[in-house]
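Have a look at work36.cif; it's mmCIF, C-alpha atoms:
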```cif
data_entry
loop_
_atom_site.label_atom_id
_atom_site.label_comp_id
_atom_site.auth_asym_id
_atom_site.auth_seq_id
_atom_site.Cartn_x
_atom_site.Cartn_y
_atom_site.Cartn_z
CA MET A 1174 -80.12 66.54 32.47
CA ASP A 1175 -77.13 64.22 32.07
CA LYS A 1176 -76.47 61.33 34.35
CA HIS A 1177 -74.30 62.19 37.33
CA THR A 1178 -72.87 60.24 40.20
CA LEU A 1179 -71.63 61.31 43.57
CA GLN A 1180 -69.39 58.74 45.15
CA ALA A 1181 -67.79 58.69 48.57
CA GLN A 1182 -65.09 56.17 49.38
CA LYS A 1183 -63.88 55.27 52.85
CA LEU A 1184 -64.65 58.71 54.26
CA SER A 1185 -63.72 59.44 57.80
CA CYS A 1186 -63.90 62.57 59.86
CA ILE A 1187 -62.20 63.40 63.12
CA ARG A 1188 -63.27 66.45 65.01
CA ASP A 1189 -61.54 67.61 68.19
CA ASP A 1190 -59.93 64.17 68.66
CA ARG A 1191 -63.32 62.51 68.36
CA LEU A 1192 -63.93 60.06 65.54
CA LEU A 1193 -67.28 61.06 64.02
CA PHE A 1194 -67.44 58.43 61.31
CA SER A 1195 -65.03 56.20 59.45
CA SER A 1196 -65.02 54.03 56.32
CA LEU A 1197 -68.19 55.62 55.07
CA ASP A 1198 -69.06 54.58 51.51
CA PHE A 1199 -71.97 55.54 49.35
CA THR A 1200 -72.80 56.07 45.72
CA LEU A 1201 -75.58 58.37 44.71
CA HIS A 1202 -77.00 58.39 41.20
CA SER A 1203 -79.29 60.79 39.42
CA GLN A 1204 -82.89 60.75 40.68
CA GLN A 1205 -81.84 59.54 44.11
CA VAL A 1206 -82.01 61.17 47.52
CA LEU A 1207 -79.55 60.53 50.31
CA LEU A 1208 -80.93 61.20 53.77
CA LEU A 1209 -78.41 61.47 56.59
CA GLU A 1210 -79.81 60.60 59.98
CA GLY A 1211 -78.32 60.58 63.42
CA LYS A 1212 -78.49 62.36 66.71
CA ASN A 1213 -77.08 65.84 67.33
CA GLY A 1214 -73.32 65.95 67.07
CA SER A 1215 -73.07 62.71 65.09
CA GLY A 1216 -71.31 64.41 62.21
CA LYS A 1217 -74.12 65.03 59.72
CA THR A 1218 -73.16 68.62 59.08
CA SER A 1219 -69.46 67.73 58.98
CA LEU A 1220 -70.21 65.17 56.28
CA LEU A 1221 -72.18 67.72 54.27
CA ARG A 1222 -69.34 70.19 54.56
CA ILE A 1223 -66.93 67.55 53.32
CA LEU A 1224 -69.23 66.94 50.36
CA CYS A 1225 -69.26 70.69 49.67
CA GLY A 1226 -65.49 70.81 49.73
CA PHE A 1227 -65.27 73.16 52.72
CA ARG A 1228 -63.58 70.47 54.75
CA GLU A 1229 -61.02 67.90 53.73
CA PRO A 1230 -61.96 64.40 54.86
CA ASP A 1231 -59.42 62.93 57.26
CA ALA A 1232 -59.34 59.85 55.08
CA GLY A 1233 -61.04 58.79 51.86
CA SER A 1234 -62.25 60.76 48.90
CA VAL A 1235 -65.37 62.19 47.31
CA GLN A 1236 -65.83 61.96 43.58
CA TRP A 1237 -68.23 63.70 41.26
CA CYS A 1238 -68.73 61.81 37.98
CA GLY A 1239 -65.53 59.88 38.63
CA GLU A 1240 -63.30 62.87 39.39
CA PRO A 1241 -62.23 64.03 42.86
CA ILE A 1242 -64.24 67.12 43.84
CA SER A 1243 -61.18 69.10 44.87
CA SER A 1244 -59.79 69.11 41.33
CA ASN A 1245 -63.12 69.09 39.52
CA GLY A 1246 -63.94 72.53 38.17
CA GLN A 1247 -67.39 71.48 37.06
CA TYR A 1248 -68.41 70.37 40.55
CA ARG A 1249 -68.96 73.84 41.99
CA ALA A 1250 -71.12 74.75 39.01
CA ASP A 1251 -73.18 71.58 39.46
CA MET A 1252 -73.78 71.88 43.18
CA ALA A 1253 -75.97 74.09 45.31
CA TYR A 1254 -75.73 74.20 49.08
CA ILE A 1255 -78.03 75.52 51.75
CA GLY A 1256 -76.57 75.35 55.21
CA HIS A 1257 -77.63 76.40 58.68
CA LEU A 1258 -76.83 79.95 57.67
CA ASP A 1259 -79.08 81.03 54.86
CA GLY A 1260 -76.63 83.39 53.14
CA ILE A 1261 -79.21 86.15 52.88
CA LYS A 1262 -78.17 89.77 53.29
CA LYS A 1263 -80.75 91.33 55.57
CA GLU A 1264 -80.13 94.88 54.33
CA LEU A 1265 -80.84 93.93 50.72
CA THR A 1266 -84.28 93.39 49.30
CA VAL A 1267 -85.54 89.96 48.30
CA LEU A 1268 -84.99 90.80 44.65
CA GLU A 1269 -81.43 92.08 45.17
CA ASN A 1270 -80.55 88.95 47.12
CA LEU A 1271 -81.68 86.73 44.29
CA GLN A 1272 -80.05 88.87 41.62
CA PHE A 1273 -76.74 88.53 43.40
CA ALA A 1274 -77.21 84.77 43.81
CA LEU A 1275 -77.87 84.51 40.10
CA ALA A 1276 -74.74 86.51 39.24
CA LEU A 1277 -72.69 84.20 41.45
CA ALA A 1278 -74.20 81.10 39.91
CA ALA A 1279 -72.73 81.91 36.50
CA GLN A 1280 -75.92 81.15 34.66
CA ALA A 1281 -76.85 83.17 31.65
CA CYS A 1282 -80.61 83.06 31.57
CA ALA A 1283 -83.45 85.52 31.33
CA GLU A 1284 -82.87 87.01 34.75
CA ALA A 1285 -86.06 88.78 35.63
CA ASP A 1286 -88.27 85.89 34.52
CA ALA A 1287 -86.26 83.29 36.38
CA ILE A 1288 -86.38 85.32 39.59
CA GLN A 1289 -90.09 86.01 39.39
CA ALA A 1290 -90.80 82.36 38.62
CA ALA A 1291 -88.69 81.22 41.56
CA LEU A 1292 -90.37 83.69 43.91
CA ALA A 1293 -93.81 82.62 42.78
CA ARG A 1294 -92.83 78.98 43.27
CA VAL A 1295 -91.91 79.51 46.93
CA GLN A 1296 -94.96 81.74 47.49
CA LEU A 1297 -92.98 84.92 47.97
CA ALA A 1298 -94.36 86.70 44.92
CA GLY A 1299 -94.95 90.36 45.67
CA PHE A 1300 -92.21 90.47 48.29
CA ASP A 1301 -89.59 91.64 45.73
CA ASP A 1302 -88.92 95.02 47.27
CA MET A 1303 -89.10 94.02 50.91
CA PRO A 1304 -85.80 94.19 52.78
CA ALA A 1305 -84.90 90.64 53.73
CA GLN A 1306 -84.74 91.60 57.42
CA THR A 1307 -88.50 92.15 57.48
CA LEU A 1308 -89.09 88.53 56.47
CA SER A 1309 -89.88 85.92 59.10
CA ALA A 1310 -87.52 83.00 59.68
CA GLY A 1311 -89.70 80.72 57.58
CA GLN A 1312 -89.91 83.22 54.76
CA LYS A 1313 -86.13 83.52 54.77
CA ARG A 1314 -85.92 79.76 54.41
CA ARG A 1315 -88.26 79.98 51.44
CA LEU A 1316 -86.06 82.68 49.97
CA SER A 1317 -83.03 80.43 50.19
CA LEU A 1318 -85.06 77.66 48.58
CA ALA A 1319 -85.81 80.10 45.77
CA ARG A 1320 -82.07 80.35 45.22
CA LEU A 1321 -82.01 76.65 44.40
CA LEU A 1322 -84.59 77.18 41.69
CA LEU A 1323 -82.75 80.00 39.93
CA ALA A 1324 -80.10 77.82 38.42
CA PRO A 1325 -80.90 74.15 37.90
CA CYS A 1326 -78.01 72.36 39.61
CA PRO A 1327 -77.86 68.56 39.39
CA LEU A 1328 -76.84 68.23 43.04
CA TRP A 1329 -78.49 69.87 46.02
CA ILE A 1330 -76.86 69.65 49.42
CA LEU A 1331 -79.30 70.71 52.11
CA ASP A 1332 -78.61 70.97 55.82
CA GLU A 1333 -81.87 70.78 57.78
CA PRO A 1334 -83.96 72.37 55.03
CA PHE A 1335 -87.20 72.12 57.02
CA THR A 1336 -86.11 74.22 59.98
CA ALA A 1337 -88.49 77.11 60.64
CA LEU A 1338 -90.82 76.10 57.83
CA ASP A 1339 -94.54 75.70 58.47
CA LYS A 1340 -96.51 72.63 57.31
CA GLN A 1341 -97.20 74.24 53.96
CA GLY A 1342 -93.55 75.15 53.57
CA ILE A 1343 -92.47 71.60 54.35
CA ALA A 1344 -94.90 70.23 51.79
CA LEU A 1345 -93.63 72.76 49.30
CA SER A 1346 -90.00 71.88 49.81
CA GLU A 1347 -90.79 68.17 49.54
CA GLN A 1348 -92.52 68.89 46.27
CA LEU A 1349 -89.48 70.86 45.05
CA MET A 1350 -87.28 67.92 46.00
CA ALA A 1351 -89.48 65.49 44.11
CA GLU A 1352 -89.29 67.75 41.06
CA GLN A 1353 -85.52 67.95 41.37
CA CYS A 1354 -85.36 64.15 41.24
CA ASP A 1355 -87.77 63.96 38.33
CA ARG A 1356 -85.53 66.36 36.44
CA GLY A 1357 -82.67 63.92 36.93
CA GLY A 1358 -81.08 65.75 39.84
CA MET A 1359 -80.01 64.33 43.18
CA ILE A 1360 -80.19 65.55 46.75
CA VAL A 1361 -78.15 64.97 49.87
CA LEU A 1362 -79.86 66.21 52.99
CA THR A 1363 -80.03 65.96 56.72
CA SER A 1364 -83.33 66.19 58.45
CA HIS A 1365 -84.98 65.31 61.72
CA HIS A 1366 -88.31 65.59 60.00
CA GLU A 1367 -89.78 62.43 58.47
CA LEU A 1368 -89.25 62.73 54.73
CA ASN A 1369 -92.37 62.22 52.66
CA LEU A 1370 -91.16 61.41 49.14
CA PRO A 1371 -93.24 58.37 48.08
CA SER A 1372 -92.11 58.07 44.46
CA THR A 1373 -88.43 58.71 45.01
CA ASP A 1374 -85.54 56.39 45.70
CA VAL A 1375 -84.35 57.46 49.14
CA GLN A 1376 -81.12 56.05 50.57
CA ARG A 1377 -80.54 56.42 54.27
CA ILE A 1378 -77.31 56.57 56.18
CA ARG A 1379 -77.44 56.54 59.94
CA LEU A 1380 -74.46 58.13 61.62
CA SER A 1381 -73.88 57.28 65.24
CA MET B 76 -68.60 87.60 30.34
CA SER B 77 -70.43 86.14 33.28
CA LEU B 78 -67.20 86.35 35.28
CA SER B 79 -67.02 90.11 34.90
CA ALA B 80 -70.75 90.21 35.64
CA ALA B 81 -70.11 88.41 38.92
CA PHE B 82 -67.14 90.68 39.69
CA PHE B 83 -69.22 93.82 39.21
CA ALA B 84 -72.22 92.26 40.94
CA ILE B 85 -70.18 91.77 44.09
CA ILE B 86 -68.81 95.33 43.98
CA ARG B 87 -72.31 96.65 43.41
CA ARG B 88 -73.73 94.59 46.25
CA ASP B 89 -71.06 95.68 48.73
CA LEU B 90 -71.45 99.34 47.81
CA LEU B 91 -75.21 99.01 48.20
CA LEU B 92 -74.73 97.38 51.59
CA ALA B 93 -72.37 100.16 52.65
CA LEU B 94 -74.93 102.71 51.59
CA ARG B 95 -77.56 101.01 53.76
CA ARG B 96 -75.25 100.88 56.78
CA ARG B 97 -73.74 104.31 56.56
CA SER B 98 -71.78 104.15 59.79
CA GLU B 99 -69.36 101.85 58.02
CA ILE B 100 -68.30 104.72 55.78
CA ALA B 101 -68.42 107.40 58.43
CA ASN B 102 -66.61 105.71 61.32
CA PRO B 103 -63.12 105.24 59.82
CA LEU B 104 -63.32 108.73 58.41
CA PHE B 105 -64.18 110.30 61.76
CA PHE B 106 -61.48 108.24 63.39
CA PHE B 107 -58.95 109.52 60.86
CA VAL B 108 -59.96 113.13 61.40
CA LEU B 109 -60.02 112.79 65.18
CA VAL B 110 -56.62 111.15 65.52
CA ILE B 111 -55.01 113.80 63.34
CA THR B 112 -56.59 116.65 65.27
CA LEU B 113 -55.34 115.12 68.52
CA PHE B 114 -51.72 115.73 67.54
CA PRO B 115 -51.80 119.56 67.50
CA LEU B 116 -53.58 119.37 70.87
CA GLY B 117 -50.95 117.05 72.30
CA VAL B 118 -47.88 118.63 70.77
CA GLY B 119 -48.99 122.19 71.38
CA ALA B 120 -48.78 125.24 69.15
CA LYS B 121 -45.47 124.46 67.50
CA PRO B 122 -46.11 124.98 63.78
CA HIS B 123 -42.61 123.93 62.68
CA LEU B 124 -42.67 120.69 64.60
CA LEU B 125 -46.15 119.84 63.32
CA GLN B 126 -45.15 120.66 59.79
CA ALA B 127 -42.14 118.40 60.08
CA ILE B 128 -44.08 115.40 61.39
CA ALA B 129 -47.24 115.97 59.32
CA PRO B 130 -46.53 113.25 56.69
CA GLY B 131 -45.91 110.73 59.45
CA ILE B 132 -49.03 111.73 61.38
CA ILE B 133 -51.28 111.51 58.36
CA TRP B 134 -49.89 108.20 57.23
CA VAL B 135 -49.94 106.57 60.67
CA SER B 136 -53.54 107.72 61.14
CA ALA B 137 -54.47 106.40 57.70
CA LEU B 138 -52.86 103.09 58.62
CA LEU B 139 -54.83 102.83 61.86
CA ALA B 140 -58.08 103.89 60.20
CA ALA B 141 -57.57 101.31 57.46
CA MET B 142 -56.85 98.63 60.02
CA LEU B 143 -59.89 99.42 62.16
CA SER B 144 -62.17 99.32 59.16
CA LEU B 145 -60.88 95.90 58.07
CA ASP B 146 -63.14 93.90 60.34
CA SER B 147 -66.21 94.82 58.31
CA LEU B 148 -64.65 93.32 55.18
CA PHE B 149 -65.75 89.73 55.78
CA ARG B 150 -67.52 89.85 59.16
CA SER B 151 -71.14 90.10 58.05
CA ASP B 152 -70.61 87.71 55.15
CA PHE B 153 -69.10 85.22 57.57
CA ASP B 154 -71.94 85.61 60.05
CA ASP B 155 -74.83 85.21 57.63
CA GLY B 156 -73.39 82.49 55.41
CA SER B 157 -72.85 84.62 52.30
CA LEU B 158 -69.18 83.76 52.48
CA GLU B 159 -69.95 80.06 52.04
CA GLN B 160 -72.03 80.83 48.98
CA LEU B 161 -69.27 83.05 47.63
CA LEU B 162 -66.65 80.32 47.90
CA LEU B 163 -69.01 77.75 46.39
CA SER B 164 -69.55 79.88 43.32
CA PRO B 165 -68.10 78.39 40.14
CA HIS B 166 -66.20 81.64 39.54
CA PRO B 167 -62.60 81.89 40.75
CA PRO B 168 -62.95 82.89 44.41
CA SER B 169 -59.80 85.01 44.32
CA LEU B 170 -61.42 87.33 41.81
CA LEU B 171 -64.59 87.62 43.87
CA VAL B 172 -62.49 88.39 46.93
CA LEU B 173 -60.64 91.03 44.92
CA GLY B 174 -64.03 92.56 44.09
CA LYS B 175 -64.91 92.65 47.77
CA VAL B 176 -61.60 94.30 48.68
CA LEU B 177 -62.04 96.85 45.93
CA ALA B 178 -65.52 97.74 47.14
CA HIS B 179 -64.20 97.96 50.69
CA TRP B 180 -61.45 100.34 49.57
CA LEU B 181 -63.96 102.51 47.74
CA VAL B 182 -65.98 102.75 50.93
CA THR B 183 -63.23 103.17 53.53
CA GLY B 184 -60.06 104.18 51.67
CA LEU B 185 -61.29 106.68 49.14
CA PRO B 186 -62.96 108.98 51.70
CA LEU B 187 -59.61 109.25 53.53
CA LEU B 188 -58.08 110.41 50.29
CA LEU B 189 -60.69 113.08 49.86
CA ILE B 190 -60.34 114.56 53.32
CA ALA B 191 -56.54 114.22 53.65
CA PRO B 192 -55.64 117.52 51.89
CA LEU B 193 -57.77 119.41 54.38
CA LEU B 194 -56.03 117.78 57.32
CA ALA B 195 -52.63 118.34 55.70
CA VAL B 196 -53.38 122.04 55.55
CA LEU B 197 -54.47 121.90 59.19
CA LEU B 198 -51.02 120.54 60.09
CA GLY B 199 -49.34 123.24 58.00
CA MET B 200 -47.99 121.00 55.27
CA PRO B 201 -46.52 123.03 52.39
CA SER B 202 -48.83 123.14 49.40
CA GLN B 203 -46.31 121.67 46.97
CA SER B 204 -46.42 118.35 48.80
CA LEU B 205 -50.22 118.03 48.90
CA GLY B 206 -50.30 116.43 45.45
CA VAL B 207 -47.65 113.94 46.46
CA LEU B 208 -49.53 113.12 49.67
CA LEU B 209 -52.63 112.33 47.63
CA LEU B 210 -50.63 110.25 45.19
CA THR B 211 -49.04 108.19 47.96
CA LEU B 212 -52.44 107.67 49.58
CA LEU B 213 -53.88 106.64 46.23
CA LEU B 214 -51.14 104.07 45.73
CA GLY B 215 -50.74 103.05 49.36
CA THR B 216 -54.22 102.65 50.84
CA PRO B 217 -55.28 99.92 48.35
CA VAL B 218 -52.18 98.00 49.43
CA LEU B 219 -53.34 98.36 53.04
CA SER B 220 -56.75 96.93 52.14
CA LEU B 221 -55.29 94.06 50.12
CA LEU B 222 -52.75 93.04 52.78
CA GLY B 223 -55.26 93.55 55.54
CA ALA B 224 -57.68 91.21 53.78
CA ILE B 225 -55.26 88.34 54.41
CA GLY B 226 -55.15 89.12 58.12
CA VAL B 227 -58.88 89.58 58.47
CA ALA B 228 -59.54 86.36 56.55
CA LEU B 229 -57.37 84.55 59.08
CA THR B 230 -59.10 86.05 62.11
CA VAL B 231 -62.71 86.28 60.96
CA GLY B 232 -63.56 82.95 62.59
CA LEU B 233 -62.30 84.08 66.00
CA ARG B 234 -64.65 85.77 68.37
CA ARG B 235 -62.19 88.41 69.54
CA GLY B 236 -59.76 88.65 66.69
CA GLY B 237 -59.36 92.43 66.80
CA MET B 238 -56.12 92.61 68.72
CA LEU B 239 -54.63 89.65 66.92
CA LEU B 240 -55.54 91.26 63.63
CA SER B 241 -53.57 94.39 64.43
CA LEU B 242 -50.57 92.32 65.51
CA LEU B 243 -50.73 90.39 62.25
CA VAL B 244 -51.37 93.25 59.93
CA LEU B 245 -49.46 96.27 61.27
CA PRO B 246 -45.97 94.80 60.64
CA LEU B 247 -47.00 94.15 57.03
CA TYR B 248 -47.95 97.81 56.72
CA VAL B 249 -44.48 99.05 57.66
CA PRO B 250 -42.96 99.18 54.13
CA VAL B 251 -45.92 101.18 52.82
CA LEU B 252 -45.61 103.59 55.75
CA ILE B 253 -41.86 104.07 55.24
CA PHE B 254 -41.92 104.73 51.52
CA ALA B 255 -45.11 106.79 51.50
CA SER B 256 -44.27 109.14 54.36
CA ASN B 257 -40.72 109.45 53.10
CA ALA B 258 -41.98 110.47 49.66
CA VAL B 259 -44.15 113.21 51.16
CA GLU B 260 -41.27 114.46 53.31
CA MET B 261 -38.88 114.55 50.34
CA ALA B 262 -41.45 116.36 48.25
CA SER B 263 -41.81 119.11 50.84
CA SER B 264 -38.03 119.67 50.64
CA GLY B 265 -38.27 119.77 46.85
CA LEU B 266 -36.33 116.54 46.29
CA PRO B 267 -37.16 113.93 43.61
CA ILE B 268 -39.48 111.15 44.73
CA ASP B 269 -39.60 108.85 41.70
CA ALA B 270 -37.94 105.98 43.53
CA GLN B 271 -40.49 105.95 46.37
CA LEU B 272 -43.43 106.23 44.01
CA ASN B 273 -42.08 103.42 41.86
CA ILE B 274 -41.72 101.18 44.87
CA LEU B 275 -45.25 102.02 46.04
CA MET B 276 -46.55 101.22 42.57
CA ALA B 277 -44.66 97.95 42.57
CA MET B 278 -46.13 97.09 45.97
CA LEU B 279 -49.62 97.85 44.69
CA CYS B 280 -49.14 95.63 41.62
CA MET B 281 -47.74 92.80 43.71
CA ALA B 282 -50.53 93.06 46.26
CA LEU B 283 -53.21 93.15 43.55
CA VAL B 284 -51.90 89.98 41.97
CA LEU B 285 -50.71 88.03 45.00
CA ALA B 286 -52.86 89.00 47.99
CA PRO B 287 -56.20 87.45 46.87
CA TRP B 288 -54.76 83.90 46.84
CA PRO B 289 -53.72 83.69 50.50
CA THR B 290 -56.92 85.54 51.40
CA VAL B 291 -59.03 82.81 49.80
CA ALA B 292 -56.94 80.09 51.43
CA ALA B 293 -57.35 81.78 54.83
CA LEU B 294 -61.10 82.20 54.34
CA LYS B 295 -61.43 78.50 53.56
CA MET B 296 -59.54 77.74 56.75
CA SER B 297 -61.76 80.06 58.77
CA LEU B 298 -64.90 78.41 57.41
CA ASN B 299 -63.66 74.98 58.34
#
```

Can I see the file as structure tokens?
Amino acid sequence: MDKHTLQAQKLSCIRDDRLLFSSLDFTLHSQQVLLLEGKNGSGKTSLLRILCGFREPDAGSVQWCGEPISSNGQYRADMAYIGHLDGIKKELTVLENLQFALALAAQACAEADAIQAALARVQLAGFDDMPAQTLSAGQKRRLSLARLLLAPCPLWILDEPFTALDKQGIALSEQLMAEQCDRGGMIVLTSHHELNLPSTDVQRIRLS
Amino acid sequence: MSLSAAFFAIIRRDLLLALRRRSEIANPLFFFVLVITLFPLGVGAKPHLLQAIAPGIIWVSALLAAMLSLDSLFRSDFDDGSLEQLLLSPHPPSLLVLGKVLAHWLVTGLPLLLIAPLLAVLLGMPSQSLGVLLLTLLLGTPVLSLLGAIGVALTVGLRRGGMLLSLLVLPLYVPVLIFASNAVEMASSGLPIDAQLNILMAMLCMALVLAPWPTVAALKMSLN
């Protein structure tokens, strides 16, 4: 994977007349993790949504490999986001959900193999034909993690990825994160859970 | 290649979803049928009057049915986060939105088209104008879906956007209503209707090309 950088300059965010953060700078390189900490309502999710491009920052800019994300066509292909909402259609089966995610991701790869491999990786093998609504909350989380594995994106943006996961699931997602960094990818995440990534360069930003 | 794959994937997914929640197909259709059958009951047994206002009745009912079905266009995608994923896709979002609108029309607009001749006969519409009625519905209802998508994209973030949606969208539907019902009326008197059909076609082309852009912009605003 090529070297990438995600750079934020003088970001600030105002929500409902309340200043959430201002003059926020960071630079994230390949193989690094950025962990956003802070109490509820401190603007972690708002920052992630700015990084995704859903929200315009009230001041400052975000750049991907030196180009502003708003005018960078490559950025959306390089980034994968998992938010509070998992983006899973409960009426569709596990397999159909992933097939659709793959079609959206614009990756031309051996579909069936990639999906089966991703499902096996998140320990959902054999659940292919189950409607997603029969999955438990934790299993749904695993399914959205599987979406990350379908297309190898250099940047993962994860909002509370450990919610609803059991101990095994947390260990699994930490392992997936470590692998992402080893591949040369980078991760921005928020979490209240203590992150256990011993061999990875973790930057922390505390929002208050 | 992968763009058309994504376009068809989204149509396929939405049709599959509609198939699994069948009420979404059935409700607008029943509404359409019910509203039209209310008119003979309200107006009374006056065949000439009914025949005269039949194009208007059918088109106004189609308009209302199309509007009521709009909410399902983005609602569930908004609620479960699929909409975020859709807009983050590297494909042009306007094309994906167009795919969604197309699937929505196939589910809610096309059935109206299929049942309309039956209801036209019920209202005593002369048989020579049935073809024209179908043609205007074929050209007009996709415009309703495309224009409505803008309104529903604006209101999808609001908890009770239903009334606001109708206030936003119904005025936009007026030109379609005027030209379409006028064409059917002219056809039943045996007059030429090329002008109306051309204008409907022009509206459809314009809506196909122009409506997805503001829809995407409005969706981004609603997600904010």

- Which is closer to B:Leu78 than all the others in B:Leu170, B:Ile132, B:Ala93, B:Val244, using all atoms listed in the file?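 Counting all atoms listed in the file, the residue closest to B:Leu78 is B:Leu170.
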
- Task: At a cut-off of 7 Å, list the chain A residues touching chain B, using only C-alpha atoms, as a list of chain:residue names.
- Result: A:Phe1227, A:Arg1228, A:Arg1249, A:Ala1250, A:Leu1258, A:Asp1259, A:Gly1260, A:Ile1261, A:Glu1264, A:Phe1273, A:Ala1276, A:Leu1277, A:Ala1278, A:Ala1279

- Query: atom CA of A:Lys1262 and atom CA of A:Gln1306 are how many Å apart?
  - Reply: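 It comes out at 8.0 Å.
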
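Relative to atom CA of B:Val118, atom CA of B:Ala141 is found at 23.9 Å.
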
- Name the residues in contact with stretch 251-268 of chain B at a cut-off of 10 Å, using only C-alpha atoms, excluding same-chain residues fewer than 4 positions from it; report them as a PyMOL selection string. chain B and resi 126-135+137-138+200-212+214-216+218-219+245+247+272-275+278-279

Mind writing the picked residues with C-alpha atoms as a compact mmCIF listing (two decimals), keeping the file's coordinate frame?
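Saved to result_12.txt:
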```
# COMPACT_ATOMS: atom_id res chain seq x y z
CA GLN B 126 -45.15 120.66 59.79
CA ALA B 127 -42.14 118.40 60.08
CA ILE B 128 -44.08 115.40 61.39
CA ALA B 129 -47.24 115.97 59.32
CA PRO B 130 -46.53 113.25 56.69
CA GLY B 131 -45.91 110.73 59.45
CA ILE B 132 -49.03 111.73 61.38
CA ILE B 133 -51.28 111.51 58.36
CA TRP B 134 -49.89 108.20 57.23
CA VAL B 135 -49.94 106.57 60.67
CA ALA B 137 -54.47 106.40 57.70
CA LEU B 138 -52.86 103.09 58.62
CA MET B 200 -47.99 121.00 55.27
CA PRO B 201 -46.52 123.03 52.39
CA SER B 202 -48.83 123.14 49.40
CA GLN B 203 -46.31 121.67 46.97
CA SER B 204 -46.42 118.35 48.80
CA LEU B 205 -50.22 118.03 48.90
CA GLY B 206 -50.30 116.43 45.45
CA VAL B 207 -47.65 113.94 46.46
CA LEU B 208 -49.53 113.12 49.67
CA LEU B 209 -52.63 112.33 47.63
CA LEU B 210 -50.63 110.25 45.19
CA THR B 211 -49.04 108.19 47.96
CA LEU B 212 -52.44 107.67 49.58
CA LEU B 214 -51.14 104.07 45.73
CA GLY B 215 -50.74 103.05 49.36
CA THR B 216 -54.22 102.65 50.84
CA VAL B 218 -52.18 98.00 49.43
CA LEU B 219 -53.34 98.36 53.04
CA LEU B 245 -49.46 96.27 61.27
CA LEU B 247 -47.00 94.15 57.03
CA LEU B 272 -43.43 106.23 44.01
CA ASN B 273 -42.08 103.42 41.86
CA ILE B 274 -41.72 101.18 44.87
CA LEU B 275 -45.25 102.02 46.04
CA MET B 278 -46.13 97.09 45.97
CA LEU B 279 -49.62 97.85 44.69
```

- Nearest residue to B:Ala292 from the set B:Ala224, B:Val249, B:Leu109, B:Leu197 (distances using all atoms listed in the file): B:Ala224

- Message: For a quick check of understanding, using only C-alpha atoms, which of B:Ser220, B:Leu285, B:Tyr248, B:Arg150 has the smallest distance to B:Arg234?
- Response: B:Arg150

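One finds atom CA of A:Leu1179 at 4.8 Å from atom CA of A:Trp1237.
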